[in-house]
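To keep things clear, I will list the structure first and then write my remarks on it.
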Amino acid sequence: MQQTAFQIFNASAGSGKTFTLVKEYLKIILSPGNKQGFRQILAITFTNKAVAEMKQRILSSLYQFSTHPPSSNRDPLFLSLCDELSCSPETIHEQARTTLRYILHNYAFFDVSTIDKFTHRVIRTFSRDLKLPSQFEVVLEVNLLMQEVVGRLLDKAGKDPELTQTLVDFSLEKIEEDKSWDISYDLNEVGMLLFDENHLKPLQKLQIKTSKDFKQLKSKLIARISQEQKQMKDAASEVLDLIETHGLTDQDFKRGYFPKFIQQIYRGEQGLNFDAAWKQNFGNEPLYSQKVAEDKQLILDELLSEFAQYFLRIRAHFFAAARFKNAYSNLVPLAILKALKQELDLLCDERELLPISSFNRIIAAEIKDQPAPYIYERIGEKYRHYFIDEFQDTSELQWNNLVPLISNALEGQDESGLKGSLLLVGDAKQAIYRWRGGKAEQFLNLLNPSTDIFTVPPEIHLLPTNYRSHEKIVEFNNEFFRITSPILSNPYYEALFNNQEGQLTNKRKGGQVVLEFIENKDQEIETQYGACIEAYIQKVLQQGFRYQDICILTRKIKHGIQAAEYLISKGIPVISSETLLLNSSEEVRFVIALLEYGLRPDELQSRFEMLRYLRQRTEKGEWSLINDLGLFQDFLISKFGFDWGKFQHMNAYDALEYGIARFKLAPDSDAYLNFLLDEAQRIAQKEGPGIAVFLSIWEKRKE
């Protein structure tokens with residue numbers, strides 16, 4: 001049965017997106033006579049968790065279809081497939097049994113994958129053509145890689161005169177701005193642009209610029225800043241002359257705001273802004289209070305429009321100068337970007353590394369112009385059907401790299417005369433990967449009937465009902481997008497978001513949305529957020545909910561860490577793979593101190609950390625032991641049977657395991673210690689088993 005070639009599902013949150021994906025996938029592989037159709041399908045999503053969920057749903061559905069008696073199987077998905085494929089329950093039952101067996105016996109061809117994994121496979125295939133090492137290692141933690149690159153670059157200061165002068169100038173500029181002279185943080189920040197797909201095109205242009213170009217630009221920026229500031233001062237001088245000529249004083253103006261602000265500009269004071277309410281509304285209200293004499297009021301009314309013109313001139317020059325200052329402040333880091341790129345390439349060549357962020361750029365530059373049949377031949381598969389989940393988070397490069405393969409499937413035919421297919425699922429309102437190049441506009445453009453990418457027009461489906469959320473949640477979301485959609489500048493996008501009907505609700509009534517803003521300036525914001533979260537937790541617990549019913553979402557991981565630490569300090573149990581740092585565990589800090597003590601026994605800090613834990617948990621040990629190395633070692637031997645000779649010859653993993661056992665840190669299973677051991681094993685395999693290596697990486701990643 002030939003499916004519709006190109007389908008787009010606009011699927012809002014909770015609308016049955018995964019159900020739809022699985023159903024459309026099963027429609028292909030359960031079609032009569034298509035036992036190994038799964039080998040021609042590539043299903044792409046963005047996270048390993050989503051991959052695992054989709055695979056599990058497909059396999060569990062096939063298992064359910066093949067084990068339940070077809071005549072009594074009332075599974076909604078089973079019945080829907082029988083109807084849409086026009087097949088009897090017995091046919092679907094038999095086809096599911098056969099297909100499941102084929103998948104399990106040929107699991108490597110069951111291709112549900114993240115987009116990064118697929119591009120990785122393509123790059124591996126073309127590694128020789130791209131002059132890449134055949135055994136290159138993919139780098140996921142690019143921030144750690146950039147830290148090392150910056151360190152290597154700074155080590156060259158003093159050897160390269162031009163680089164040294166640039167770095168010194170940057171440090172001096174930071175000192176003049178009353179900031180730390182340490183430029184490593186700034187270089188790390190700008191260096192991370194090298195991994196960001198959003199900045200790829202401007203950075204490519206930047207790479208061809210020379211140090212002479214940057215010096216010329218620096219001189220131009222300084223001149224423009226000076227010019228804009230002079231024009232601000234000249235305009236301010238003219239305003240002050242106007243005030244004096246008409247016999248006005250500061251007291252004639254409402255609270256003296258305007259003349260005082262103009263005087264600040266004339267004196268060239270720093271820290272000026274246009275944030276105050278009177279500045280935002282300048283020219284629309286009288287400049288005087290009711291207590292001012294009537295003759296002065298008349299003068300100020302006559303001058304209001306002239307003052308407003310001067311004010312707009314000053315404001316325009318102020319923001320122009322601010323733009324040039326901003327460009328100037330980023331000039332040195334950008335000038336060093338070329339050197340950072342060279343150092344990054346050198347390091348990657350030395351260690352045969354390939355940052356994951358390079359995948360799409362490499363394919364776009366080297367492979368996309370190859371004919372699709374050639375690419376299929378090289379990777380050993382020929383996909384006829386493509387499923388792309390969360391399409392709103394697909395980057396421009398990722399999509400452009402896939403288009404040739406998809407075009408080949410949609411516009412060509414197989415031996416049976418059947419064309420391939422493409423199914424996209426997305427929701428622009430759920431775009432969360434813009435920071436790594438995700439471009440929701442691509443999805444919106446495909447929904448626009450005027451967009452024509454393939455020769456096959458799309459069939460667009462809307463999944464209207466939210467089956468996940470309660471009624472009040474859905475209603476709030478509908479109202480939110482209805483109110484905010486007029487802000488969008490693109491009329492088509494505005495119409496799309498301003499869907500008057502919005503999502504339809506299900507049978508789940510109730511629900512609650514509360515918006516609360518914290519305004520207390522006397523207390524740290526983290527503490528206020530924590531207290532607010534704690535109060536809501538206590539409130540819902542009193543309503544009969546349990547801790548396991550509560551989920552806390554934060555904007556950034558660091559905010560989640562702060563919330564988790566606050567709640568733990570209040571005795572509230574927290575489970576999180578992202579916000580519970582290993583370093584927050586007392587036991588982890590103890591064994592790390594033990595490793596540090598074994599490596600550097602003369603340092604007091606590690607002894608203090610160990611003794612603090614032992615006194616807290618076992619009430620053993622006196623503080624006086626810190627200052628006597630011999631007594632401290634004798635104490636650990638006599639009280640805990642610790643064998644120093646044995647410990648000092650261990651690798652990091654064995655030393656951690658030995659310390660945990662000797663000091664009885666985990667009488668029951670401890671998630672923190674288990675994960676620490678996993679990290680030690682991973683580091684040993686990649687970097688080496690030594691304690692010094694482990695502690696070096698721990699210092700970089702503990703926070």
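Chain lettering (A, B, ...) mirrors the order of the structure tokens, residue numbering begins at 1 for each chain separately, and ligand numbering begins at 1 in order of display.
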**Study point:** Distance query Asn106 (chain A) at most 12 Å, only C-alpha atoms, self and fewer than 4 positions along chain excluded, as an MDAnalysis selection string
**Key:** chainID A and resid 35:39 99:102 110:111
Exercise for review: Do a neighbour search on Pro355 (chain A) at 12 Å with only C-alpha atoms, toss out local chain neighbours closer than 4 positions, and write the hits as a PyMOL selection string.
Suggested key: chain A and resi 116+120+136-146+192+194-196+344-345+347-349+351+359-362
Practice item. Tell me which protein, DNA and RNA residues are within 8 Å of region 560-573 of chain A, counting only C-alpha atoms, leaving out same-chain ones fewer than 6 positions away, and put them as a PyMOL selection string. Key: chain A and resi 526-527+529-530+533-534+547+553-554+579-581
Review point. Nearest to Arg615 (chain A): which of A:Gly510, A:Phe590, A:Arg315, A:Pro70 is it, counting only C-alpha atoms?
Key: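 With only C-alpha atoms as the atom set, the closest residue is A:Phe590.
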Exercise for review: Fewer than 2 positions away in the same chain doesn't count, so skip those; otherwise give me all residues within 10 Å of Leu132 (chain A), counting only C-alpha atoms, as an MDAnalysis selection string.
Suggested key: chainID A and resid 123:124 126:130 134:136 349 352:354
Check your understanding: Counting only C-alpha atoms, which of A:Ile550, A:Val332, A:Leu463, A:Ala235 gets nearest to Val190 (chain A)?
Key -> A:Val332
Point to revise | Length of the CA of Ala692 (chain A) to CA of Asn651 (chain A) vector [Å] | key: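 Taking CA of Ala692 (chain A) as the start and CA of Asn651 (chain A) as the end point, the length is 9.4 Å.
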Check your understanding: Closest to Phe214 (chain A) among A:Lys338, A:Arg74, A:Lys429, A:Arg612, using only C-alpha atoms?
Key ->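 Smallest distance to Phe214 (chain A) is found for A:Lys338.
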Practice item. Check the smallest atom-to-atom distance from each of A:Ile575, A:Ala335, A:Ile314, A:Ile183 to Lys233 (chain A) using only C-alpha atoms, then report the winner. Key: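 That would be A:Ile314, the residue with the smallest distance to Lys233 (chain A).
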Review point. When distances are computed from only C-alpha atoms, which of A:Ile8, A:Met650, A:Val693, A:Val122 shows the smallest separation from Phe443 (chain A)?
Key: A:Ile8
**Study point:** Residue set, region 46-240 of chain A restricted to strand (DSSP E or B), as a list of chain:residue names
**Key:**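 Output for region 46-240 of chain A, strand (DSSP E or B) only: A:Val112, A:Ser113, A:Thr114, A:Glu137, A:Val138, A:Val139.
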Would you output that residue set with N, CA and C atoms, as a JSON list (two decimals), in the first residue's frame?
```json
[["chain", "number", "residue", "atom", "x", "y", "z"],
["A", 112, "VAL", "N", 16.53, 3.58, 14.27],
["A", 112, "VAL", "CA", 15.96, 4.73, 14.96],
["A", 112, "VAL", "C", 17.14, 5.38, 15.67],
["A", 113, "SER", "N", 17.45, 6.61, 15.31],
["A", 113, "SER", "CA", 18.74, 7.18, 15.71],
["A", 113, "SER", "C", 18.61, 8.66, 16.02],
["A", 114, "THR", "N", 19.58, 9.18, 16.80],
["A", 114, "THR", "CA", 19.69, 10.63, 16.93],
["A", 114, "THR", "C", 20.33, 11.16, 15.65],
["A", 137, "GLU", "N", 38.28, 10.32, 17.78],
["A", 137, "GLU", "CA", 37.43, 10.28, 18.97],
["A", 137, "GLU", "C", 36.49, 11.48, 18.97],
["A", 138, "VAL", "N", 35.22, 11.24, 19.18],
["A", 138, "VAL", "CA", 34.23, 12.32, 19.21],
["A", 138, "VAL", "C", 34.28, 13.01, 20.57],
["A", 139, "VAL", "N", 34.38, 14.34, 20.56],
["A", 139, "VAL", "CA", 34.42, 15.12, 21.80],
["A", 139, "VAL", "C", 33.04, 15.70, 22.06]]
```
